[in-house]
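Asker: Pasting data-v4.cif below, which is mmCIF, C-alpha atoms.
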data_protein
loop_
_atom_site.label_atom_id
_atom_site.label_comp_id
_atom_site.auth_asym_id
_atom_site.auth_seq_id
_atom_site.Cartn_x
_atom_site.Cartn_y
_atom_site.Cartn_z
CA MET D 250 54.38 89.10 53.47
CA ALA D 251 52.20 90.69 56.10
CA GLY D 252 51.62 87.25 57.56
CA LEU D 253 55.33 86.61 57.97
CA THR D 254 55.82 89.98 59.64
CA ALA D 255 52.95 89.29 62.05
CA LEU D 256 54.36 85.85 62.83
CA ALA D 257 57.85 87.32 63.44
CA LEU D 258 56.41 89.99 65.74
CA ALA D 259 54.42 87.39 67.65
CA GLY D 260 57.59 85.28 68.08
CA VAL D 261 59.59 88.25 69.34
CA GLY D 262 56.76 89.21 71.73
CA PHE D 263 56.58 85.62 73.04
CA LEU D 264 60.34 85.58 73.68
CA ALA D 265 60.19 88.98 75.40
CA VAL D 266 57.45 87.76 77.77
CA GLN D 267 59.49 84.62 78.54
CA ALA D 268 62.62 86.67 79.22
CA SER D 269 60.85 89.13 81.53
CA ALA D 270 59.26 86.28 83.48
CA ASN D 271 62.70 84.80 84.17
CA ALA D 272 64.51 88.10 84.90
CA PRO D 273 65.53 88.78 88.53
CA ASP D 274 63.43 91.33 90.45
CA ASN D 275 66.42 93.64 90.98
CA LEU D 276 67.38 93.88 87.31
CA GLY D 277 68.20 97.49 86.50
CA LYS D 278 68.45 98.46 90.19
CA PRO D 279 71.81 99.31 91.84
CA LYS D 280 73.43 96.32 93.48
CA PRO D 281 73.70 96.49 97.27
CA PRO D 282 77.24 96.16 98.66
CA SER D 283 78.40 92.62 99.24
CA GLY D 284 81.24 90.95 101.12
CA PRO D 285 82.52 91.54 104.66
CA ALA D 286 82.16 95.32 104.46
CA ALA D 287 78.45 95.04 103.63
CA SER D 288 77.63 93.47 106.99
CA ALA D 289 80.01 95.65 109.02
CA ALA D 290 78.86 98.75 110.80
CA PRO D 291 79.91 102.03 109.23
CA ALA D 292 83.52 102.91 110.02
CA PRO D 293 83.85 105.22 113.00
CA PRO D 294 85.06 108.71 112.20
CA LYS D 295 88.84 108.97 112.12
CA LYS D 296 90.36 110.27 115.35
CA ASP D 297 92.13 113.59 115.20
CA PRO D 298 95.85 112.65 115.33
CA LEU D 299 96.62 115.88 117.18
CA LEU D 300 94.39 115.04 120.17
CA VAL D 301 96.18 114.10 123.37
CA PRO D 302 96.23 110.26 123.45
CA GLU D 303 93.63 108.59 125.64
CA GLY D 304 95.10 106.73 128.56
CA SER D 305 98.02 109.16 128.90
CA GLY D 306 97.10 110.23 132.40
CA THR D 307 95.90 113.48 133.85
CA GLY D 308 97.36 116.80 134.84
CA GLN D 309 100.38 118.58 133.45
CA ARG D 310 102.66 116.20 131.55
CA VAL D 311 104.75 115.49 128.49
CA VAL D 312 103.22 112.68 126.41
CA TYR D 313 105.41 110.75 123.99
CA ALA D 314 103.61 108.40 121.56
CA LEU D 315 106.07 105.86 120.18
CA HIS D 316 103.96 104.70 117.23
CA ASP D 317 102.89 108.20 116.19
CA ARG D 318 106.38 109.67 116.70
CA ARG D 319 104.76 112.65 118.37
CA VAL D 320 105.02 114.59 121.63
CA TRP D 321 102.30 116.60 123.37
CA LEU D 322 102.83 119.21 126.06
CA VAL D 323 99.71 118.95 128.19
CA GLY D 324 98.64 121.66 130.63
CA PRO D 325 97.35 121.19 134.19
CA LYS D 326 93.70 120.88 133.07
CA GLY D 327 94.51 118.32 130.38
CA GLU D 328 94.55 120.83 127.53
CA ARG D 329 96.97 120.41 124.65
CA MET D 330 99.38 123.30 124.78
CA ARG D 331 101.59 122.13 121.91
CA THR D 332 102.20 119.01 119.84
CA PHE D 333 104.97 118.20 117.40
CA ALA D 334 106.59 115.37 115.46
CA VAL D 335 109.81 113.79 116.71
CA MET D 336 112.42 111.39 115.40
CA PRO D 337 112.81 108.51 117.86
CA SER D 338 116.13 107.06 118.90
CA THR D 339 117.19 103.47 118.24
CA LEU D 340 116.26 102.51 121.82
CA ASN D 341 112.74 103.21 123.08
CA PRO D 342 111.40 103.35 126.61
CA VAL D 343 108.70 100.93 127.72
CA PRO D 344 105.28 102.62 127.80
CA GLY D 345 104.61 103.99 131.26
CA SER D 346 105.00 107.02 133.49
CA TYR D 347 108.38 108.63 134.16
CA ALA D 348 109.77 111.85 135.60
CA VAL D 349 112.38 114.19 134.16
CA THR D 350 115.64 113.22 135.87
CA SER D 351 118.05 115.81 134.47
CA ARG D 352 118.45 118.60 131.96
CA THR D 353 121.43 119.96 130.04
CA GLU D 354 121.44 123.14 128.01
CA GLU D 355 123.96 121.95 125.36
CA THR D 356 126.13 118.84 124.90
CA PRO D 357 127.34 116.38 122.23
CA GLY D 358 124.66 113.79 121.44
CA SER D 359 125.31 110.05 121.48
CA ASP D 360 125.56 110.28 117.66
CA GLY D 361 128.20 113.03 117.84
CA VAL D 362 125.86 115.89 116.83
CA THR D 363 125.77 118.90 119.17
CA ILE D 364 122.35 119.03 120.82
CA GLU D 365 120.56 121.53 123.03
CA HIS D 366 117.77 121.58 125.59
CA VAL D 367 118.27 117.97 126.62
CA VAL D 368 115.47 116.70 128.88
CA ARG D 369 116.24 113.18 130.16
CA PHE D 370 113.67 110.86 131.71
CA THR D 371 114.82 107.22 131.75
CA THR D 372 117.51 104.71 130.82
CA VAL D 373 117.17 101.70 128.50
CA GLU D 374 119.92 99.06 128.33
CA GLY D 375 122.37 101.49 129.93
CA VAL D 376 121.58 104.30 127.45
CA THR D 377 119.93 107.47 128.72
CA ILE D 378 116.71 108.40 126.93
CA GLY D 379 115.72 112.04 126.54
CA PHE D 380 114.38 114.73 124.29
CA SER D 381 116.69 117.12 122.46
CA ALA D 382 117.13 119.28 119.40
CA ALA D 383 120.19 119.30 117.17
CA VAL D 384 121.82 122.74 117.11
CA ASP D 385 122.13 122.41 113.32
CA GLY D 386 118.34 121.80 113.11
CA SER D 387 118.68 118.29 111.65
CA MET D 388 116.37 115.40 112.50
CA PRO D 389 117.83 112.47 110.55
CA SER D 390 116.82 108.88 111.18
CA PRO D 391 119.30 107.41 113.65
CA ASP D 392 121.84 104.86 112.47
CA PRO D 393 120.23 101.51 113.42
CA LYS D 394 123.71 100.11 114.22
CA LEU D 395 124.16 102.67 117.03
CA ARG D 396 122.51 102.51 120.44
CA THR D 397 121.13 106.03 120.80
CA GLY D 398 118.68 107.53 123.25
CA GLY D 399 117.96 110.97 121.82
CA VAL D 400 114.40 111.70 120.76
CA ARG D 401 115.03 114.56 118.32
CA MET D 402 112.77 117.48 117.56
CA GLN D 403 112.92 120.81 115.77
CA ARG D 404 114.70 123.58 117.68
CA ALA D 405 111.52 125.60 118.33
CA ASP D 406 109.86 122.49 119.76
CA GLY D 407 112.95 121.83 121.87
CA ASP D 408 112.73 125.38 123.21
CA ALA D 409 109.07 124.83 124.16
CA LEU D 410 109.77 121.50 125.86
CA TRP D 411 112.75 123.00 127.72
CA SER D 412 110.53 125.76 129.10
CA PHE D 413 107.74 123.30 129.94
CA ALA D 414 109.50 120.33 131.57
CA SER D 415 111.73 120.90 134.59
CA VAL D 416 113.34 118.18 136.72
CA GLY D 417 110.56 116.09 138.26
CA SER D 418 108.01 116.86 135.52
CA LYS D 419 105.86 113.92 134.45
CA VAL D 420 106.62 112.18 131.13
CA VAL D 421 104.12 109.58 129.92
CA VAL D 422 105.15 107.19 127.16
CA VAL D 423 102.32 105.53 125.23
CA PRO D 424 102.59 102.87 122.52
#
Output the file's structure in the form of structure tokens.
Answerer:
Amino acid sequence: MAGLTALALAGVGFLAVQASANAPDNLGKPKPPSGPAASAAPAPPKKDPLLVPEGSGTGQRVVYALHDRRVWLVGPKGERMRTFAVMPSTLNPVPGSYAVTSRTEETPGSDGVTIEHVVRFTTVEGVTIGFSAAVDGSMPSPDPKLRTGGVRMQRADGDALWSFASVGSKVVVVP
């Protein structure tokens, strides 16, 4: 019986040696990443979404980012004085530099809602584009069937923009 046990142990030992000789060198080690991400450089840190957009000019200005649906009030030295979310209209201005053309303290909006602190800066397809706040505080998505030009904001933000942007003030629209 001892002979059979010795023979069995020798067979198991032989198989173990064979298996270890054919095992890959990295067996038991963590696998390195593979695929396209493995060869790519580390992702750059995410940009602070509240920073004034690059390429929006210099000096005192209102910056309106279409994609981000956000407005920045930028001081004379380029410092962010305030930023806030907006609800865009159904018509958008082409990115570029504009000037405030007119202001109205209170009027009916193109959607029939009473608005205040209207600051207009361009026209698209015959529709005037400007910033405003609904007196009732609402910021609904505009009806896509209507051609509207009001970029809506909260009333407090409308108050700040009204105080900041007089006729002739620079408005920069970025994508």
Asker: Would you mind telling me which residue in D:Val400, D:Leu315, D:Met388, D:Val416 lies nearest to Gly345 in chain D when using only C-alpha atoms?
Answerer: D:Leu315
Asker: Distance CA of Val349 in chain D-CA of Leu395 in chain D, one decimal place?
Answerer: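 About the pair CA of Val349 in chain D and CA of Leu395 in chain D: they are 23.8 Å apart.
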Asker: Can you tell me, as a ChimeraX atom specification, what residues are no more than 7 Å from Thr356 in chain D when counting all atoms listed in the file, ignoring any on the same chain fewer than 3 positions away?
Answerer: /D:363-365
Asker: Give me, as a list in words, all polymer residues having an atom no more than 10 Å from Gly358 in chain D, counting only C-alpha atoms and skipping those fewer than 5 positions away in the same chain.
Answerer: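 The residues that qualify are Thr363, Ile364, Glu365, Val367, Ser381, Ala382, Ala383, Thr397, Gly398 and Gly399 of chain D.
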Asker: Any chance you could export the current selection's C-alpha atoms as a CSV table (one decimal), in the frame of the given file?
Answerer:
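In the end it all went to result.csv:
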chain,number,residue,atom,x,y,z
D,363,THR,CA,125.8,118.9,119.2
D,364,ILE,CA,122.4,119.0,120.8
D,365,GLU,CA,120.6,121.5,123.0
D,367,VAL,CA,118.3,118.0,126.6
D,381,SER,CA,116.7,117.1,122.5
D,382,ALA,CA,117.1,119.3,119.4
D,383,ALA,CA,120.2,119.3,117.2
D,397,THR,CA,121.1,106.0,120.8
D,398,GLY,CA,118.7,107.5,123.2
D,399,GLY,CA,118.0,111.0,121.8
Asker: Identify which of the residues D:Pro337, D:Gly417, D:Gly306, D:Pro389 lies closest to Arg369 in chain D, counting all atoms listed in the file when measuring atom-to-atom distances.
Answerer: D:Gly417
